[in-house]
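Enquirer: Quick one: structure below, then a few questions.
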Amino acid sequence: MSRRFHDRQRASAASSSASTALPDYQPPSCPLNDAARRALGDLSNTRGTVVYQMHLKDSVRLIGSAVGDLHDRLRDQRERLDHQRARREEKGVEQTPEEVRLERHLEQLESRINSLTDHSEEAIREMIDRQAELEDETSILRELDAYITPQNTDGNEEEEARSARDPFNDLRAKKDADYNALTMHQRYALNNDYAHFKKVWHDAMAGEEGPPLPDASRWFRPDGQPVMRGQADGLENNDDDDDIAVAREVISINCPLTLQPMNEPYSNRKCKHTFEKSALLDYLSVRGEKQCPQTGCSQMHSRATFDEDFFLDQAMVRRVRRHRQLQEQKSREEAEEEEGESDQEVMIRGQKSIPGRSLKREKA
């Protein structure tokens, strides 16, 4: 009985050793059949990236608008503090508790806003990276379709179907390497979305009386870090010839076509000039191109490419809105002053009589 058990073990070991004799490992090649190749070719044309691109565009716009609102609020608080200081110095009195409280509040508020601005700028760059990935994916699919399509080498036999996995990984790695090789200036400073974010931020931070936005070549330090603070002071205090040559940017809220404040300011991506949307569409021809209506600009525009060449300039929208708010505030202040002067003419204070009437005296 023991001998039969050992014989059974030896037979099992022999069959096990014979079954483990496997061929050399070959990685999967994942060849595509004709239907798969056609589906891959259609994917580059039907891949729905438009929705993602719209979400990214909206995110960039909303973040830029939020940063602009924060710096608008900070600047308004600073102006309020400066006004209180000027009144106190004019009267020659000591600092009030309200002024001390506002100074402390501004220090904390500025620190929080600067931190949020840095995080927002980083998020803008990350979304621009995602946009580049979407564009690269479409290009990769087109190149991949051409690569895996079998070629007729000698006119009789077709080349063996190629795998799609390795070429895709190679193309993806090449696109990533090419993008990472770009400088920060090339990736972001030349990007319209990033330039728009910088414009909204600087316009809200510096205000209309502040210095102009520095050239895009100065938006990043040599180590690649973005410059988000101190630009205005550095530009004003630097004695370099290039800085002295920078003239103050003069931007009008009036459309060059209508000569009226704009409601829908649309700017060109190339020449950067801004116009009222409806007036610009009326100016452009249905067919052909017309020269930019801005005096001295030779850029050609077309109505057929309006959506690609022009965009709603949120920085100008904010500038127009702020201008109207200041006009309304000025009108209210003037009305209050006129009302105060009218009340002073009517009211009798002490022995001061109403103009044109004699003061009645009581009989003893």
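For the structure tokens, the naming scheme is as follows: chains receive sequential letters (A, B, ...) according to their order of presentation, residues are indexed from 1 within each chain, and ligands are indexed from 1 in presentation order.
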Just list the residues in region 165-337 of chain A DSSP gives strand (DSSP E) on the backbone, as a list in words.

Expert: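 Matching residues, listed in order: Pro265, Tyr266, Ser267, Asn268, Thr274, Phe275, Glu276, Lys290, Gln291, Met300, His301, Phe310, Phe311 and Leu312 of chain A.
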
Enquirer: Which residues, written as an MDAnalysis selection string, have at least one atom at most 10 Å from region 80-89 of chain A, with only C-alpha atoms counted and residues fewer than 4 positions away on the same chain left out?

Expert: chainID A and resid 74:76 93:96 98:100 102:103 106

Enquirer: Taking all heavy atoms for each residue, export the selection above as a short mmCIF file (atom, residue, chain, number, x, y, z; two decimals), in the first residue's frame.

Expert:
```
data_model
loop_
_atom_site.label_atom_id
_atom_site.label_comp_id
_atom_site.auth_asym_id
_atom_site.auth_seq_id
_atom_site.Cartn_x
_atom_site.Cartn_y
_atom_site.Cartn_z
N LEU A 74 -9.84 95.15 -1.87
CA LEU A 74 -8.66 95.57 -1.11
C LEU A 74 -8.30 97.02 -1.44
O LEU A 74 -7.96 97.80 -0.54
CB LEU A 74 -7.49 94.64 -1.42
CG LEU A 74 -6.16 94.96 -0.75
CD1 LEU A 74 -6.30 94.91 0.77
CD2 LEU A 74 -5.08 93.99 -1.21
N ARG A 75 -8.36 97.37 -2.71
CA ARG A 75 -8.01 98.74 -3.10
C ARG A 75 -9.02 99.75 -2.53
O ARG A 75 -8.65 100.85 -2.10
CB ARG A 75 -7.95 98.86 -4.62
CG ARG A 75 -7.24 100.13 -5.09
CD ARG A 75 -7.22 100.27 -6.59
NE ARG A 75 -8.53 100.52 -7.13
CZ ARG A 75 -9.27 99.60 -7.75
NH1 ARG A 75 -8.80 98.37 -7.91
NH2 ARG A 75 -10.46 99.90 -8.21
N ASP A 76 -10.30 99.39 -2.53
CA ASP A 76 -11.31 100.28 -1.95
C ASP A 76 -11.06 100.51 -0.46
O ASP A 76 -11.22 101.63 0.04
CB ASP A 76 -12.71 99.68 -2.16
CG ASP A 76 -13.14 99.69 -3.61
OD1 ASP A 76 -12.54 100.46 -4.39
OD2 ASP A 76 -14.05 98.92 -3.97
N VAL A 93 -5.65 116.05 14.49
CA VAL A 93 -6.04 115.27 15.66
C VAL A 93 -5.29 113.95 15.67
O VAL A 93 -4.62 113.58 14.70
CB VAL A 93 -7.57 115.01 15.65
CG1 VAL A 93 -8.32 116.32 15.75
CG2 VAL A 93 -7.97 114.26 14.37
N GLU A 94 -5.41 113.21 16.79
CA GLU A 94 -4.72 111.94 16.92
C GLU A 94 -5.47 110.84 16.15
O GLU A 94 -6.61 110.99 15.75
CB GLU A 94 -4.60 111.57 18.40
CG GLU A 94 -3.74 112.53 19.21
CD GLU A 94 -3.63 112.10 20.65
OE1 GLU A 94 -4.29 111.09 21.01
OE2 GLU A 94 -2.88 112.74 21.40
N GLN A 95 -4.78 109.73 16.00
CA GLN A 95 -5.34 108.59 15.26
C GLN A 95 -6.55 108.04 16.01
O GLN A 95 -6.51 107.82 17.22
CB GLN A 95 -4.28 107.51 15.09
CG GLN A 95 -4.65 106.42 14.10
CD GLN A 95 -3.52 105.43 13.91
OE1 GLN A 95 -2.76 105.17 14.83
NE2 GLN A 95 -3.40 104.89 12.72
N THR A 96 -7.62 107.80 15.28
CA THR A 96 -8.86 107.32 15.88
C THR A 96 -8.84 105.79 16.00
O THR A 96 -8.12 105.10 15.28
CB THR A 96 -10.06 107.74 15.02
OG1 THR A 96 -9.94 107.12 13.72
CG2 THR A 96 -10.10 109.25 14.87
N GLU A 98 -11.07 103.80 14.98
CA GLU A 98 -11.54 103.26 13.70
C GLU A 98 -10.40 103.12 12.71
O GLU A 98 -10.31 102.13 11.97
CB GLU A 98 -12.63 104.18 13.14
CG GLU A 98 -13.10 103.82 11.73
CD GLU A 98 -13.80 102.48 11.67
OE1 GLU A 98 -14.20 101.97 12.74
OE2 GLU A 98 -13.94 101.95 10.56
N GLU A 99 -9.50 104.10 12.69
CA GLU A 99 -8.36 104.04 11.78
C GLU A 99 -7.40 102.91 12.17
O GLU A 99 -6.88 102.20 11.30
CB GLU A 99 -7.62 105.38 11.79
CG GLU A 99 -6.50 105.46 10.76
CD GLU A 99 -5.85 106.83 10.74
OE1 GLU A 99 -6.48 107.80 11.22
OE2 GLU A 99 -4.71 106.93 10.24
N VAL A 100 -7.18 102.73 13.46
CA VAL A 100 -6.32 101.63 13.93
C VAL A 100 -6.93 100.28 13.56
O VAL A 100 -6.24 99.37 13.09
CB VAL A 100 -6.11 101.74 15.45
CG1 VAL A 100 -5.33 100.53 15.97
CG2 VAL A 100 -5.39 103.02 15.80
N LEU A 102 -8.97 99.64 11.11
CA LEU A 102 -8.92 99.45 9.66
C LEU A 102 -7.51 99.08 9.21
O LEU A 102 -7.34 98.27 8.29
CB LEU A 102 -9.38 100.74 8.96
CG LEU A 102 -9.55 100.67 7.45
CD1 LEU A 102 -10.50 99.55 7.06
CD2 LEU A 102 -10.05 102.00 6.90
N GLU A 103 -6.49 99.63 9.85
CA GLU A 103 -5.12 99.27 9.50
C GLU A 103 -4.85 97.80 9.77
O GLU A 103 -4.26 97.09 8.94
CB GLU A 103 -4.14 100.14 10.28
CG GLU A 103 -4.04 101.58 9.78
CD GLU A 103 -3.05 102.39 10.59
OE1 GLU A 103 -2.59 101.88 11.64
OE2 GLU A 103 -2.73 103.53 10.18
N LEU A 106 -6.71 95.64 7.26
CA LEU A 106 -6.10 95.64 5.93
C LEU A 106 -4.88 94.74 5.88
O LEU A 106 -4.63 94.09 4.86
CB LEU A 106 -5.72 97.07 5.53
CG LEU A 106 -6.82 97.92 4.92
CD1 LEU A 106 -6.33 99.32 4.61
CD2 LEU A 106 -7.36 97.26 3.65
#
```

Enquirer: Might you pull out every residue within 12 Å of Asp223 (chain A), with only C-alpha atoms counted and same-chain residues fewer than 5 positions away left off, and present them as an NGL selection string?

Expert: :A and (183-185)

Enquirer: Excluding Gly224 (chain A) and its own-chain neighbours fewer than 2 positions away, which residues fall within 12 Å of it when counting only C-alpha atoms? Please give them as a VMD selection string.

Expert: chain A and resid 182 to 189 217 to 222 226 to 227

Enquirer: Give me, as a VMD selection string, all polymer residues having an atom no more than 10 Å from region 304-320 of chain A, counting only C-alpha atoms and skipping those fewer than 6 positions away in the same chain.

Expert: chain A and resid 61 to 62 64 to 65 68 to 69 72 192 196 to 204 207 to 208 251 to 254 261 to 277 280 to 281 284 to 289 326

Enquirer: How many Å separate CA of Asp145 (chain A) from CA of Gly41 (chain A)?

Expert: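 Straight-line distance from CA of Asp145 (chain A) to CA of Gly41 (chain A) works out to 5.4 Å.
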
Enquirer: Write out as a VMD selection string which residues come within 12 Å of Leu134 (chain A) when counting only C-alpha atoms, dropping same-chain ones fewer than 2 positions away.

Expert: chain A and resid 44 47 to 54 56 127 to 132 136 to 141 172 175 to 176

Enquirer: Could you write out that same residue set with N, CA, C and O atoms as an mmCIF file, in the first residue's frame?

Expert:
```cif
data_model
loop_
_atom_site.group_PDB
_atom_site.id
_atom_site.type_symbol
_atom_site.label_atom_id
_atom_site.label_comp_id
_atom_site.auth_asym_id
_atom_site.auth_seq_id
_atom_site.Cartn_x
_atom_site.Cartn_y
_atom_site.Cartn_z
ATOM 1 N N SER A 44 -10.518 60.276 -33.556
ATOM 2 C CA SER A 44 -9.829 61.562 -33.598
ATOM 3 C C SER A 44 -10.744 62.678 -34.092
ATOM 4 O O SER A 44 -10.505 63.853 -33.807
ATOM 5 N N ARG A 47 -14.158 62.591 -31.100
ATOM 6 C CA ARG A 47 -13.880 62.614 -29.662
ATOM 7 C C ARG A 47 -14.412 63.911 -29.063
ATOM 8 O O ARG A 47 -14.064 65.005 -29.491
ATOM 9 N N GLY A 48 -15.256 63.786 -28.055
ATOM 10 C CA GLY A 48 -15.932 64.949 -27.491
ATOM 11 C C GLY A 48 -15.105 65.687 -26.454
ATOM 12 O O GLY A 48 -15.271 65.473 -25.249
ATOM 13 N N THR A 49 -14.191 66.522 -26.904
ATOM 14 C CA THR A 49 -13.380 67.328 -25.986
ATOM 15 C C THR A 49 -13.901 68.757 -25.863
ATOM 16 O O THR A 49 -13.375 69.527 -25.051
ATOM 17 N N VAL A 50 -14.904 69.096 -26.658
ATOM 18 C CA VAL A 50 -15.400 70.474 -26.641
ATOM 19 C C VAL A 50 -15.968 70.836 -25.272
ATOM 20 O O VAL A 50 -15.744 71.939 -24.761
ATOM 21 N N VAL A 51 -16.682 69.897 -24.663
ATOM 22 C CA VAL A 51 -17.287 70.163 -23.356
ATOM 23 C C VAL A 51 -16.198 70.429 -22.320
ATOM 24 O O VAL A 51 -16.294 71.371 -21.517
ATOM 25 N N TYR A 52 -15.146 69.612 -22.320
ATOM 26 C CA TYR A 52 -14.059 69.804 -21.363
ATOM 27 C C TYR A 52 -13.349 71.139 -21.599
ATOM 28 O O TYR A 52 -12.994 71.848 -20.642
ATOM 29 N N GLN A 53 -13.139 71.477 -22.853
ATOM 30 C CA GLN A 53 -12.488 72.747 -23.159
ATOM 31 C C GLN A 53 -13.336 73.930 -22.692
ATOM 32 O O GLN A 53 -12.801 74.927 -22.174
ATOM 33 N N MET A 54 -14.647 73.831 -22.853
ATOM 34 C CA MET A 54 -15.531 74.904 -22.387
ATOM 35 C C MET A 54 -15.479 75.028 -20.868
ATOM 36 O O MET A 54 -15.465 76.136 -20.321
ATOM 37 N N LEU A 56 -12.955 74.263 -18.941
ATOM 38 C CA LEU A 56 -11.666 74.857 -18.600
ATOM 39 C C LEU A 56 -11.679 76.361 -18.866
ATOM 40 O O LEU A 56 -11.168 77.153 -18.058
ATOM 41 N N MET A 127 -4.712 74.604 -15.383
ATOM 42 C CA MET A 127 -5.778 74.432 -16.373
ATOM 43 C C MET A 127 -5.261 74.652 -17.796
ATOM 44 O O MET A 127 -5.731 74.019 -18.738
ATOM 45 N N ILE A 128 -4.298 75.539 -17.954
ATOM 46 C CA ILE A 128 -3.668 75.701 -19.267
ATOM 47 C C ILE A 128 -2.931 74.428 -19.654
ATOM 48 O O ILE A 128 -2.938 74.019 -20.824
ATOM 49 N N ASP A 129 -2.307 73.767 -18.678
ATOM 50 C CA ASP A 129 -1.660 72.476 -18.948
ATOM 51 C C ASP A 129 -2.687 71.443 -19.392
ATOM 52 O O ASP A 129 -2.419 70.643 -20.305
ATOM 53 N N ARG A 130 -3.836 71.433 -18.746
ATOM 54 C CA ARG A 130 -4.886 70.473 -19.135
ATOM 55 C C ARG A 130 -5.387 70.771 -20.554
ATOM 56 O O ARG A 130 -5.704 69.840 -21.319
ATOM 57 N N GLN A 131 -5.493 72.036 -20.905
ATOM 58 C CA GLN A 131 -5.892 72.387 -22.267
ATOM 59 C C GLN A 131 -4.879 71.874 -23.274
ATOM 60 O O GLN A 131 -5.240 71.346 -24.346
ATOM 61 N N ALA A 132 -3.601 72.003 -22.952
ATOM 62 C CA ALA A 132 -2.558 71.502 -23.848
ATOM 63 C C ALA A 132 -2.645 69.986 -23.986
ATOM 64 O O ALA A 132 -2.425 69.437 -25.076
ATOM 65 N N ASP A 136 -3.101 67.875 -27.396
ATOM 66 C CA ASP A 136 -2.133 66.834 -27.758
ATOM 67 C C ASP A 136 -2.818 65.495 -28.004
ATOM 68 O O ASP A 136 -2.402 64.726 -28.881
ATOM 69 N N GLU A 137 -3.845 65.185 -27.218
ATOM 70 C CA GLU A 137 -4.541 63.910 -27.395
ATOM 71 C C GLU A 137 -5.146 63.809 -28.793
ATOM 72 O O GLU A 137 -5.072 62.757 -29.440
ATOM 73 N N THR A 138 -5.744 64.889 -29.247
ATOM 74 C CA THR A 138 -6.310 64.873 -30.596
ATOM 75 C C THR A 138 -5.227 64.665 -31.640
ATOM 76 O O THR A 138 -5.399 63.888 -32.592
ATOM 77 N N SER A 139 -4.104 65.330 -31.486
ATOM 78 C CA SER A 139 -2.994 65.166 -32.424
ATOM 79 C C SER A 139 -2.421 63.751 -32.365
ATOM 80 O O SER A 139 -2.079 63.163 -33.406
ATOM 81 N N ILE A 140 -2.346 63.180 -31.174
ATOM 82 C CA ILE A 140 -1.817 61.823 -31.027
ATOM 83 C C ILE A 140 -2.706 60.811 -31.738
ATOM 84 O O ILE A 140 -2.217 59.893 -32.418
ATOM 85 N N LEU A 141 -4.003 60.972 -31.601
ATOM 86 C CA LEU A 141 -4.917 60.020 -32.249
ATOM 87 C C LEU A 141 -4.795 60.080 -33.767
ATOM 88 O O LEU A 141 -4.861 59.041 -34.442
ATOM 89 N N ARG A 172 2.747 59.821 -26.729
ATOM 90 C CA ARG A 172 2.397 60.548 -25.513
ATOM 91 C C ARG A 172 3.654 61.064 -24.804
ATOM 92 O O ARG A 172 3.704 62.200 -24.333
ATOM 93 N N LYS A 175 5.125 64.036 -26.775
ATOM 94 C CA LYS A 175 4.366 65.274 -26.560
ATOM 95 C C LYS A 175 4.675 65.868 -25.182
ATOM 96 O O LYS A 175 4.846 67.091 -25.044
ATOM 97 N N ASP A 176 4.739 65.010 -24.165
ATOM 98 C CA ASP A 176 5.039 65.494 -22.819
ATOM 99 C C ASP A 176 6.434 66.103 -22.757
ATOM 100 O O ASP A 176 6.645 67.153 -22.123
#
```
